[in-house]
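Okay, target.json now, which holds JSON, C-alpha atoms:
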```
[["chain", "number", "residue", "atom", "x", "y", "z"],
["W", 267, "MET", "CA", -34.73, -34.03, -28.84],
["W", 268, "LYS", "CA", -36.27, -34.46, -32.28],
["W", 269, "GLU", "CA", -34.34, -33.78, -35.43],
["W", 270, "ASN", "CA", -36.54, -30.79, -36.28],
["W", 271, "GLU", "CA", -35.99, -29.25, -32.88],
["W", 272, "ILE", "CA", -32.24, -29.54, -33.28],
["W", 273, "TYR", "CA", -32.44, -27.81, -36.65],
["W", 274, "THR", "CA", -34.47, -24.93, -35.21],
["W", 275, "GLU", "CA", -32.05, -24.70, -32.32],
["W", 276, "LEU", "CA", -29.02, -24.60, -34.64],
["W", 277, "ASN", "CA", -30.76, -22.07, -36.88],
["W", 278, "SER", "CA", -31.57, -19.77, -33.99],
["W", 279, "ILE", "CA", -27.96, -19.94, -32.77],
["W", 280, "ARG", "CA", -26.74, -19.11, -36.24],
["W", 281, "SER", "CA", -29.09, -16.14, -36.69],
["W", 282, "LEU", "CA", -28.20, -14.84, -33.24],
["W", 283, "MET", "CA", -24.48, -15.02, -34.02],
["W", 284, "GLU", "CA", -25.12, -13.16, -37.24],
["W", 285, "ARG", "CA", -27.37, -10.51, -35.71],
["W", 286, "SER", "CA", -24.89, -9.86, -32.92],
["W", 287, "THR", "CA", -22.02, -9.29, -35.34],
["W", 288, "LYS", "CA", -23.67, -7.61, -38.32],
["W", 289, "PHE", "CA", -25.62, -4.37, -38.52],
["W", 290, "ILE", "CA", -28.31, -4.95, -41.11],
["W", 291, "SER", "CA", -30.51, -1.89, -40.75],
["W", 292, "LEU", "CA", -28.64, 0.01, -43.47],
["W", 293, "SER", "CA", -31.16, 1.44, -45.88],
["W", 294, "GLY", "CA", -30.89, 0.88, -49.61],
["W", 295, "LEU", "CA", -32.88, 4.03, -50.21],
["W", 296, "SER", "CA", -30.12, 6.17, -48.68],
["W", 297, "GLY", "CA", -27.70, 4.73, -51.27],
["W", 298, "ILE", "CA", -30.06, 5.80, -54.07],
["W", 299, "MET", "CA", -30.43, 9.29, -52.56],
["W", 300, "ALA", "CA", -26.64, 9.65, -52.15],
["W", 301, "GLY", "CA", -26.26, 8.75, -55.82],
["W", 302, "VAL", "CA", -28.85, 11.34, -56.85],
["W", 303, "TYR", "CA", -27.17, 14.09, -54.77],
["W", 304, "ALA", "CA", -23.81, 13.18, -56.32],
["W", 305, "LEU", "CA", -25.25, 13.40, -59.84],
["W", 306, "ILE", "CA", -26.81, 16.82, -59.14],
["W", 307, "GLY", "CA", -23.55, 17.98, -57.56],
["W", 308, "ALA", "CA", -21.55, 16.75, -60.54],
["W", 309, "TRP", "CA", -23.91, 18.54, -62.92],
["W", 310, "ILE", "CA", -23.53, 21.83, -61.02],
["W", 311, "GLY", "CA", -19.76, 21.32, -60.97],
["W", 312, "TYR", "CA", -19.74, 20.61, -64.70],
["W", 313, "LYS", "CA", -21.68, 23.83, -65.37],
["W", 314, "MET", "CA", -19.12, 25.78, -63.37],
["W", 315, "VAL", "CA", -16.09, 24.42, -65.16],
["W", 316, "TYR", "CA", -17.37, 24.02, -68.69],
["W", 317, "THR", "CA", -19.16, 26.84, -70.46],
["W", 318, "ASP", "CA", -21.31, 26.89, -73.57],
["W", 319, "GLY", "CA", -19.86, 28.61, -76.59],
["W", 320, "SER", "CA", -21.45, 28.58, -80.03],
["W", 321, "GLY", "CA", -22.80, 25.05, -79.69],
["W", 322, "MET", "CA", -19.44, 23.70, -78.67],
["W", 323, "ARG", "CA", -18.57, 22.84, -75.09],
["W", 324, "PHE", "CA", -15.14, 23.71, -73.97],
["W", 325, "ARG", "CA", -13.27, 24.32, -70.81],
["W", 326, "ASP", "CA", -12.25, 27.93, -70.46],
["W", 327, "VAL", "CA", -11.28, 27.86, -66.84],
["W", 328, "TYR", "CA", -8.83, 25.67, -64.99],
["W", 329, "VAL", "CA", -9.33, 23.94, -61.71],
["W", 330, "ASN", "CA", -6.19, 25.37, -60.18],
["W", 331, "ASP", "CA", -7.84, 28.79, -60.01],
["W", 332, "PRO", "CA", -9.15, 29.27, -56.43],
["W", 333, "LEU", "CA", -12.25, 31.00, -57.86],
["W", 334, "VAL", "CA", -13.07, 27.68, -59.50],
["W", 335, "TRP", "CA", -11.99, 25.05, -57.03],
["W", 336, "LEU", "CA", -13.48, 26.76, -53.99],
["W", 337, "PRO", "CA", -17.11, 26.56, -55.21],
["W", 338, "LEU", "CA", -16.42, 23.02, -56.47],
["W", 339, "PHE", "CA", -15.11, 22.10, -53.04],
["W", 340, "LEU", "CA", -18.23, 23.59, -51.43],
["W", 341, "VAL", "CA", -20.50, 21.62, -53.77],
["W", 342, "ALA", "CA", -18.66, 18.43, -52.80],
["W", 343, "VAL", "CA", -18.99, 19.22, -49.09],
["W", 344, "VAL", "CA", -22.73, 19.92, -49.45],
["W", 345, "VAL", "CA", -23.21, 16.62, -51.32],
["W", 346, "LEU", "CA", -21.27, 14.78, -48.59],
["W", 347, "VAL", "CA", -23.26, 16.38, -45.74],
["W", 348, "LEU", "CA", -26.62, 15.75, -47.46],
["W", 349, "SER", "CA", -25.72, 12.11, -48.18],
["W", 350, "LEU", "CA", -24.58, 11.49, -44.59],
["W", 351, "ALA", "CA", -27.68, 13.15, -43.11],
["W", 352, "THR", "CA", -30.02, 11.16, -45.36],
["W", 353, "GLY", "CA", -28.13, 7.95, -44.65],
["W", 354, "ILE", "CA", -28.24, 8.45, -40.88],
["W", 355, "LEU", "CA", -31.94, 9.42, -40.84],
["W", 356, "LEU", "CA", -33.06, 6.54, -43.05],
["W", 357, "THR", "CA", -30.93, 4.05, -41.11],
["W", 358, "ILE", "CA", -32.46, 5.16, -37.80],
["W", 359, "ARG", "CA", -35.93, 4.85, -39.34],
["W", 360, "GLN", "CA", -35.13, 1.38, -40.72],
["W", 361, "ALA", "CA", -33.78, 0.22, -37.35],
["W", 362, "ARG", "CA", -36.92, 1.45, -35.58],
["W", 363, "LYS", "CA", -39.05, -0.40, -38.11],
["W", 364, "ARG", "CA", -37.19, -3.63, -37.37],
["W", 365, "GLY", "CA", -37.47, -2.99, -33.64],
["W", 366, "GLU", "CA", -33.71, -2.81, -33.37],
["W", 367, "ASN", "CA", -31.64, -0.24, -31.55],
["W", 368, "TYR", "CA", -29.55, 1.71, -34.07],
["W", 369, "TRP", "CA", -26.89, 2.46, -31.48],
["W", 370, "ASN", "CA", -25.55, -0.95, -30.48],
["W", 371, "PRO", "CA", -22.11, -2.56, -30.22],
["W", 372, "VAL", "CA", -22.20, -3.59, -33.89],
["W", 373, "SER", "CA", -23.14, -0.16, -35.30],
["W", 374, "LYS", "CA", -20.40, 1.36, -33.13],
["W", 375, "ARG", "CA", -17.84, -1.07, -34.54],
["W", 376, "LEU", "CA", -19.10, -0.39, -38.05],
["W", 377, "LEU", "CA", -18.63, 3.37, -37.63],
["W", 378, "VAL", "CA", -15.20, 3.07, -36.00],
["W", 379, "SER", "CA", -13.86, 0.74, -38.69],
["W", 380, "MET", "CA", -15.11, 3.07, -41.44],
["W", 381, "ALA", "CA", -13.83, 6.19, -39.69],
["W", 382, "PHE", "CA", -10.11, 5.36, -39.95],
["W", 383, "PRO", "CA", -9.82, 5.22, -43.76],
["W", 384, "LEU", "CA", -12.34, 8.10, -44.12],
["W", 385, "ILE", "CA", -10.56, 10.51, -41.77],
["W", 386, "THR", "CA", -7.16, 9.57, -43.21],
["W", 387, "GLY", "CA", -8.57, 10.18, -46.69],
["W", 388, "GLY", "CA", -10.14, 13.49, -45.68],
["W", 389, "ILE", "CA", -6.86, 14.82, -44.30],
["W", 390, "PHE", "CA", -4.95, 13.49, -47.31],
["W", 391, "ILE", "CA", -7.32, 15.29, -49.69],
["W", 392, "LEU", "CA", -7.00, 18.56, -47.73],
["W", 393, "ILE", "CA", -3.23, 18.22, -48.08],
["W", 394, "LEU", "CA", -3.63, 17.61, -51.83],
["W", 395, "ILE", "CA", -5.72, 20.80, -52.10],
["W", 396, "CYS", "CA", -3.17, 22.83, -50.11],
["W", 397, "LYS", "CA", -0.31, 21.56, -52.25],
["W", 398, "GLY", "CA", -2.24, 22.18, -55.48],
["W", 399, "HIS", "CA", -2.44, 18.58, -56.69],
["W", 400, "TYR", "CA", -6.01, 19.00, -57.96],
["W", 401, "GLY", "CA", -5.77, 16.34, -60.63],
["W", 402, "ILE", "CA", -5.89, 13.34, -58.30],
["W", 403, "ILE", "CA", -8.46, 14.57, -55.77],
["W", 404, "ALA", "CA", -11.33, 12.67, -57.42],
["W", 405, "SER", "CA", -9.16, 9.56, -57.44],
["W", 406, "ALA", "CA", -8.24, 9.93, -53.75],
["W", 407, "CYS", "CA", -11.92, 10.44, -52.77],
["W", 408, "LEU", "CA", -12.94, 7.22, -54.52],
["W", 409, "VAL", "CA", -10.01, 5.14, -53.24],
["W", 410, "PHE", "CA", -10.36, 6.13, -49.57],
["W", 411, "TYR", "CA", -14.15, 5.86, -49.68],
["W", 412, "GLY", "CA", -13.82, 2.37, -51.20],
["W", 413, "LEU", "CA", -11.30, 1.35, -48.52],
["W", 414, "SER", "CA", -13.64, 2.47, -45.75],
["W", 415, "LEU", "CA", -16.51, 0.49, -47.29],
["W", 416, "VAL", "CA", -14.35, -2.64, -47.46],
["W", 417, "ALA", "CA", -13.27, -2.10, -43.85],
["W", 418, "GLY", "CA", -16.86, -1.61, -42.65],
["W", 419, "SER", "CA", -18.32, -4.46, -44.70],
["W", 420, "GLN", "CA", -17.37, -7.11, -42.13],
["W", 421, "PHE", "CA", -19.92, -5.58, -39.76],
["W", 422, "THR", "CA", -22.78, -5.39, -42.26],
["W", 423, "PHE", "CA", -24.00, -6.89, -45.55],
["W", 424, "THR", "CA", -21.22, -8.49, -47.63],
["W", 425, "ASP", "CA", -22.59, -6.56, -50.64],
["W", 426, "VAL", "CA", -20.96, -3.43, -49.22],
["W", 427, "LYS", "CA", -17.55, -5.02, -49.83],
["W", 428, "TRP", "CA", -18.29, -5.29, -53.56],
["W", 429, "LEU", "CA", -19.37, -1.66, -53.71],
["W", 430, "GLY", "CA", -16.10, -0.76, -51.96],
["W", 431, "LEU", "CA", -13.97, -2.80, -54.36],
["W", 432, "CYS", "CA", -15.65, -1.16, -57.37],
["W", 433, "GLN", "CA", -14.98, 2.31, -55.90],
["W", 434, "ILE", "CA", -11.30, 1.45, -55.33],
["W", 435, "ILE", "CA", -10.90, 0.21, -58.92],
["W", 436, "LEU", "CA", -12.62, 3.36, -60.26],
["W", 437, "GLY", "CA", -10.38, 5.51, -58.07],
["W", 438, "LEU", "CA", -7.25, 3.85, -59.43],
["W", 439, "LEU", "CA", -8.50, 4.31, -62.99],
["W", 440, "ALA", "CA", -9.21, 7.97, -62.21],
["W", 441, "ALA", "CA", -5.57, 8.37, -61.16],
["W", 442, "LEU", "CA", -4.53, 7.04, -64.57],
["W", 443, "PHE", "CA", -6.70, 9.62, -66.38],
["W", 444, "PRO", "CA", -6.29, 12.81, -64.32],
["W", 445, "GLY", "CA", -8.33, 15.15, -66.53],
["W", 446, "TYR", "CA", -11.46, 13.00, -66.39],
["W", 447, "GLY", "CA", -12.04, 13.04, -62.63],
["W", 448, "ILE", "CA", -15.63, 14.17, -63.01],
["W", 449, "ILE", "CA", -16.54, 11.15, -65.16],
["W", 450, "PHE", "CA", -15.23, 8.70, -62.56],
["W", 451, "TRP", "CA", -16.89, 10.76, -59.85],
["W", 452, "VAL", "CA", -20.24, 10.46, -61.63],
["W", 453, "ILE", "CA", -19.82, 6.70, -62.16],
["W", 454, "GLY", "CA", -18.57, 6.01, -58.60],
["W", 455, "PHE", "CA", -20.55, 8.29, -56.35],
["W", 456, "GLY", "CA", -23.57, 8.64, -58.65],
["W", 457, "LEU", "CA", -24.34, 5.57, -60.74],
["W", 458, "LEU", "CA", -22.76, 2.92, -58.48],
["W", 459, "HIS", "CA", -24.63, 4.26, -55.44],
["W", 460, "ILE", "CA", -27.95, 4.22, -57.29],
["W", 461, "LEU", "CA", -27.27, 0.69, -58.58],
["W", 462, "TYR", "CA", -26.15, -0.57, -55.17],
["W", 463, "GLY", "CA", -29.03, 1.17, -53.37],
["W", 464, "SER", "CA", -31.62, -0.36, -55.70],
["W", 465, "ILE", "CA", -30.13, -3.85, -55.30],
["W", 466, "MET", "CA", -30.12, -3.52, -51.51],
["W", 467, "HIS", "CA", -33.62, -2.11, -51.46],
["W", 468, "PHE", "CA", -35.12, -4.97, -53.44],
["W", 469, "LYS", "CA", -32.96, -7.68, -51.87],
["W", 470, "TYR", "CA", -33.49, -6.85, -48.19],
["W", 471, "ASN", "CA", -36.37, -4.40, -47.84],
["W", 472, "GLN", "CA", -39.16, -6.38, -49.38],
["A", 149, "MET", "CA", -27.97, -42.53, -28.83],
["A", 150, "LYS", "CA", -27.22, -42.48, -25.15],
["A", 151, "VAL", "CA", -23.56, -41.76, -25.76],
["A", 152, "SER", "CA", -24.27, -38.55, -27.62],
["A", 153, "LEU", "CA", -26.78, -37.37, -25.05],
["A", 154, "GLU", "CA", -24.07, -37.58, -22.42],
["A", 155, "GLN", "CA", -21.97, -35.19, -24.45],
["A", 156, "PHE", "CA", -24.59, -32.49, -24.01],
["A", 157, "ASP", "CA", -23.46, -29.80, -21.67],
["A", 158, "LYS", "CA", -25.74, -29.42, -18.65],
["A", 159, "ALA", "CA", -24.90, -25.71, -18.54],
["A", 160, "PHE", "CA", -26.45, -25.28, -21.99],
["A", 161, "GLU", "CA", -29.67, -27.14, -21.22],
["A", 162, "ASN", "CA", -31.37, -23.81, -20.80],
["A", 163, "ARG", "CA", -32.04, -22.16, -24.13],
["A", 164, "LEU", "CA", -31.16, -18.63, -22.97],
["A", 165, "ARG", "CA", -27.78, -19.78, -21.68],
["A", 166, "LEU", "CA", -26.98, -21.30, -25.06],
["A", 167, "GLN", "CA", -28.08, -18.05, -26.72],
["A", 168, "ILE", "CA", -25.92, -15.90, -24.44],
["A", 169, "MET", "CA", -22.99, -18.18, -25.20],
["A", 170, "SER", "CA", -23.55, -17.96, -29.00],
["A", 171, "VAL", "CA", -23.39, -14.16, -28.85],
["A", 172, "LEU", "CA", -20.25, -14.17, -26.71],
["A", 173, "VAL", "CA", -18.51, -16.75, -28.91],
["A", 174, "ALA", "CA", -19.23, -14.68, -32.04],
["A", 175, "ASN", "CA", -18.02, -11.42, -30.47],
["A", 176, "GLU", "CA", -14.93, -10.26, -28.64],
["A", 177, "SER", "CA", -17.15, -8.98, -25.83],
["A", 178, "TYR", "CA", -20.71, -7.76, -25.24],
["A", 179, "ASP", "CA", -22.22, -5.53, -22.56],
["A", 180, "PHE", "CA", -25.21, -6.31, -20.36],
["A", 181, "ASN", "CA", -27.70, -3.85, -21.84],
["A", 182, "SER", "CA", -26.96, -4.72, -25.46],
["A", 183, "LEU", "CA", -27.25, -8.40, -24.61],
["A", 184, "LYS", "CA", -30.59, -7.74, -22.90],
["A", 185, "GLU", "CA", -31.88, -5.87, -25.94],
["A", 186, "LEU", "CA", -30.64, -8.44, -28.44],
["A", 187, "LEU", "CA", -32.14, -11.41, -26.59],
["A", 188, "ASN", "CA", -35.26, -9.53, -25.55],
["A", 189, "VAL", "CA", -35.23, -10.71, -21.92],
["A", 190, "THR", "CA", -35.62, -9.10, -18.51],
["A", 191, "ASP", "CA", -32.76, -7.91, -16.30],
["A", 192, "GLY", "CA", -33.31, -10.58, -13.67],
["A", 193, "ASN", "CA", -33.61, -13.43, -16.12],
["A", 194, "LEU", "CA", -30.43, -12.46, -17.95],
["A", 195, "ALA", "CA", -28.50, -11.84, -14.73],
["A", 196, "SER", "CA", -29.36, -15.22, -13.25],
["A", 197, "HIS", "CA", -28.27, -17.13, -16.35],
["A", 198, "ILE", "CA", -25.11, -15.09, -16.66],
["A", 199, "LYS", "CA", -24.34, -16.00, -13.06],
["A", 200, "ALA", "CA", -24.78, -19.68, -13.90],
["A", 201, "LEU", "CA", -22.37, -19.41, -16.84],
["A", 202, "GLU", "CA", -19.93, -17.49, -14.68],
["A", 203, "LYS", "CA", -20.03, -20.25, -12.08],
["A", 204, "GLU", "CA", -19.03, -22.77, -14.75],
["A", 205, "GLU", "CA", -16.18, -20.38, -15.65],
["A", 206, "TYR", "CA", -17.47, -20.27, -19.22],
["A", 207, "ILE", "CA", -17.48, -16.47, -19.29],
["A", 208, "THR", "CA", -15.32, -13.69, -17.91],
["A", 209, "ILE", "CA", -16.64, -10.40, -16.58],
["A", 210, "THR", "CA", -15.03, -6.96, -16.76],
["A", 211, "LYS", "CA", -16.66, -4.19, -14.78],
["A", 212, "SER", "CA", -15.92, -0.55, -15.44],
["A", 213, "PHE", "CA", -17.59, 2.83, -15.49],
["A", 214, "VAL", "CA", -18.55, 4.95, -18.49],
["A", 215, "GLY", "CA", -19.00, 8.34, -16.88],
["A", 216, "LYS", "CA", -21.19, 7.56, -13.89],
["A", 217, "LYS", "CA", -22.92, 4.56, -15.42],
["A", 218, "PRO", "CA", -21.59, 1.10, -14.63],
["A", 219, "ASN", "CA", -20.60, -0.82, -17.75],
["A", 220, "THR", "CA", -20.23, -4.58, -17.51],
["A", 221, "GLN", "CA", -18.61, -6.44, -20.38],
["A", 222, "TYR", "CA", -18.88, -10.18, -20.81],
["A", 223, "ALA", "CA", -16.59, -12.38, -22.87],
["A", 224, "ALA", "CA", -16.42, -16.11, -23.53],
["A", 225, "SER", "CA", -13.51, -17.84, -21.79],
["A", 226, "LYS", "CA", -11.37, -20.47, -23.48],
["A", 227, "LEU", "CA", -13.17, -23.14, -21.48],
["A", 228, "GLY", "CA", -16.54, -21.70, -22.54],
["A", 229, "ARG", "CA", -15.59, -21.67, -26.23],
["A", 230, "GLU", "CA", -14.52, -25.31, -26.07],
["A", 231, "ALA", "CA", -17.69, -26.33, -24.24],
["A", 232, "PHE", "CA", -19.81, -24.46, -26.80],
["A", 233, "LYS", "CA", -18.02, -26.19, -29.67],
["A", 234, "LYS", "CA", -18.47, -29.60, -28.04],
["A", 235, "HIS", "CA", -22.15, -28.94, -27.47],
["A", 236, "LEU", "CA", -22.66, -28.03, -31.13],
["A", 237, "GLU", "CA", -20.76, -31.13, -32.21],
["A", 238, "ALA", "CA", -23.00, -33.24, -29.98],
["A", 239, "LEU", "CA", -26.06, -31.69, -31.66],
["A", 240, "GLU", "CA", -24.59, -32.46, -35.07],
["A", 241, "ASN", "CA", -23.82, -36.04, -34.08],
["A", 242, "LEU", "CA", -27.37, -36.49, -32.92],
["A", 243, "ILE", "CA", -28.65, -35.44, -36.34],
["A", 244, "LYS", "CA", -26.22, -37.80, -38.06],
["A", 245, "GLN", "CA", -27.26, -40.71, -35.85],
["A", 246, "GLN", "CA", -30.93, -40.11, -36.51],
["A", 247, "LYS", "CA", -30.26, -40.15, -40.23],
["A", 248, "LEU", "CA", -28.68, -43.63, -40.10]]
```
Show how you would write the structure in this file as structure tokens.
Amino acid sequence: MKENEIYTELNSIRSLMERSTKFISLSGLSGIMAGVYALIGAWIGYKMVYTDGSGMRFRDVYVNDPLVWLPLFLVAVVVLVLSLATGILLTIRQARKRGENYWNPVSKRLLVSMAFPLITGGIFILILICKGHYGIIASACLVFYGLSLVAGSQFTFTDVKWLGLCQIILGLLAALFPGYGIIFWVIGFGLLHILYGSIMHFKYNQ
Amino acid sequence: MKVSLEQFDKAFENRLRLQIMSVLVANESYDFNSLKELLNVTDGNLASHIKALEKEEYITITKSFVGKKPNTQYAASKLGREAFKKHLEALENLIKQQKL
């Protein structure tokens, strides 16, 4: 065997090991879209909570009023559903483009590992709502979402781990400043997603 | 030169067998259809090479049913992992020797 042949052989083994353990058809575009939905959602939420009054913006309602938190909750759910649907559709499209099956052992493992922190977080947040601890809901969303990204990152691009770590840090900061949940929400779910999506799009899609 | 060639594992002389083994070493287990898709080979081709690896006791096979469909999972055995590692080391040694 020639040296070159051995190198190609070793390279093909390496790429095969990587392809069989990492799901790389995630689409950067879906990250950007999720960020945009989150920003629109946050803007609608802001309009609901803060009202205009003689050029000054002030809060004349409180989030512990069910008339306020219920629509906010609905907005968040709509943003979540839209982001998931876009993500799933674009990922399937990306996988088809690469000639890869989107439903394979790796994508299954990716989903299962992300599901545990996400479902735990979802239930935890429902409990927070029931018990009236509205102030730390934004924080809990970011922390659990970040944890699920870190958990899933071992089955996909390592970049996802960094996105997850940033979300966790933001979530912890949000817990320190309970009144400013919406700001951390905008940074985490909006800006970070758009930033991450653009990086992924240019790094892997071109 | 001759010494290192002897370290090559006969079972891995076939490229597909080495590829199957790389997937199984990197994963806890893998099923037949996913393996077929990943390696882009035919049923018969994959089955015959899997049989060869099984004969060497490099892989273990677990058969079960998912609903009515048979589901066969393959995993690398301890012996298989060691053989794979040795084979890679032999390849590395060959490169080193050629550099001298």
Could you give me, as a Markdown table, a per-residue list for chain W showing, wherever an atom lies at most 9 Å from an atom of chain A, the closest pair of atoms and their distance in Å to one decimal, using all atoms listed in the file and sorting by chain then residue number from low to high?
```
| residue | atom | partner | partner_atom | distance |
| --- | --- | --- | --- | --- |
| W:Met267 | CA | A:Leu242 | CA | 8.8 |
| W:Lys268 | CA | A:Ile243 | CA | 8.7 |
| W:Glu269 | CA | A:Ile243 | CA | 6.0 |
| W:Ile272 | CA | A:Leu239 | CA | 6.7 |
| W:Tyr273 | CA | A:Ile243 | CA | 8.5 |
| W:Glu275 | CA | A:Arg163 | CA | 8.6 |
| W:Leu276 | CA | A:Leu236 | CA | 8.0 |
| W:Ser278 | CA | A:Gln167 | CA | 8.2 |
| W:Ile279 | CA | A:Ser170 | CA | 6.1 |
| W:Arg280 | CA | A:Ser170 | CA | 8.0 |
| W:Leu282 | CA | A:Val171 | CA | 6.5 |
| W:Met283 | CA | A:Val171 | CA | 5.4 |
| W:Glu284 | CA | A:Ala174 | CA | 8.0 |
| W:Arg285 | CA | A:Leu186 | CA | 8.2 |
| W:Ser286 | CA | A:Val171 | CA | 6.1 |
| W:Thr287 | CA | A:Asn175 | CA | 6.7 |
| W:Glu366 | CA | A:Leu186 | CA | 8.1 |
| W:Asn367 | CA | A:Glu185 | CA | 8.0 |
| W:Asn370 | CA | A:Ser182 | CA | 6.4 |
| W:Pro371 | CA | A:Ser182 | CA | 7.1 |
```
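Residues within 7 Å of Thr220 in chain A, counting only C-alpha atoms and excluding same-chain residues fewer than 5 positions away, are Asp179, Phe180, Ile209, Thr210, Lys211 and Ser212 of chain A.
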- Task: Tell me, in Å to one decimal, how far CA of Leu350 in chain W is from CA of Ala441 in chain W.
- Result: 25.4 Å
At a cut-off of 9 Å, using all atoms listed in the file, what residues contact Ser349 in chain W? Leave out same-chain residues fewer than 2 positions from it and give the result as a compact mmCIF listing (two decimals) with C-alpha atoms, in the frame of the given file.
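File result-v9.txt, as written:
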```txt
# COMPACT_ATOMS: atom_id res chain seq x y z
CA SER W 296 -30.12 6.17 -48.68
CA GLY W 297 -27.70 4.73 -51.27
CA MET W 299 -30.43 9.29 -52.56
CA ALA W 300 -26.64 9.65 -52.15
CA GLY W 301 -26.26 8.75 -55.82
CA TYR W 303 -27.17 14.09 -54.77
CA ALA W 304 -23.81 13.18 -56.32
CA VAL W 344 -22.73 19.92 -49.45
CA VAL W 345 -23.21 16.62 -51.32
CA LEU W 346 -21.27 14.78 -48.59
CA VAL W 347 -23.26 16.38 -45.74
CA ALA W 351 -27.68 13.15 -43.11
CA THR W 352 -30.02 11.16 -45.36
CA GLY W 353 -28.13 7.95 -44.65
CA ILE W 354 -28.24 8.45 -40.88
```
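You will find CA of His197 in chain A at 17.3 Å from CA of His235 in chain A.
The spacing separating CA of Tyr206 in chain A from CA of Gln221 in chain A amounts to 13.9 Å.
With distances restricted to all atoms listed in the file, W:Ala342 is the closest residue to Ala308 in chain W from W:Cys396, W:Ala342, W:Ile290, W:Leu461.
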- All residues 8 Å or closer to Leu376 in chain W, all atoms listed in the file, same chain fewer than 6 positions away omitted, as a PyMOL selection string: chain W and resi 289+418-419+421-422
- Item | Spatial sel., origin (-28.7, 0.9, -41.2), limit 7 Å, all atoms listed in the file, listed as a list in words | Phe289, Ile290, Ser291, Leu292, Ser293, Thr357, Ile358, Gln360 and Ala361 of chain W
- Item | Cut-off 10 Å around (-6.6, 11.1, -46.1) with only C-alpha atoms: residues as an MDAnalysis selection string | chainID W and resid 382:394 406:407 409:411
- Message: Can you tell me which residues surround Ala200 in chain A at a distance of at most 12 Å, considering only C-alpha atoms, apart from same-chain residues fewer than 3 positions away, and format the answer as a ChimeraX atom specification?
- Response: /A:158-162,164-166,168-169,193-197,203-208
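In terms of minimum interatomic distance to Leu429 in chain W, W:Ala417 ranks closest within W:Ala417, W:Val315, W:Val372, W:Val341, counting only C-alpha atoms.
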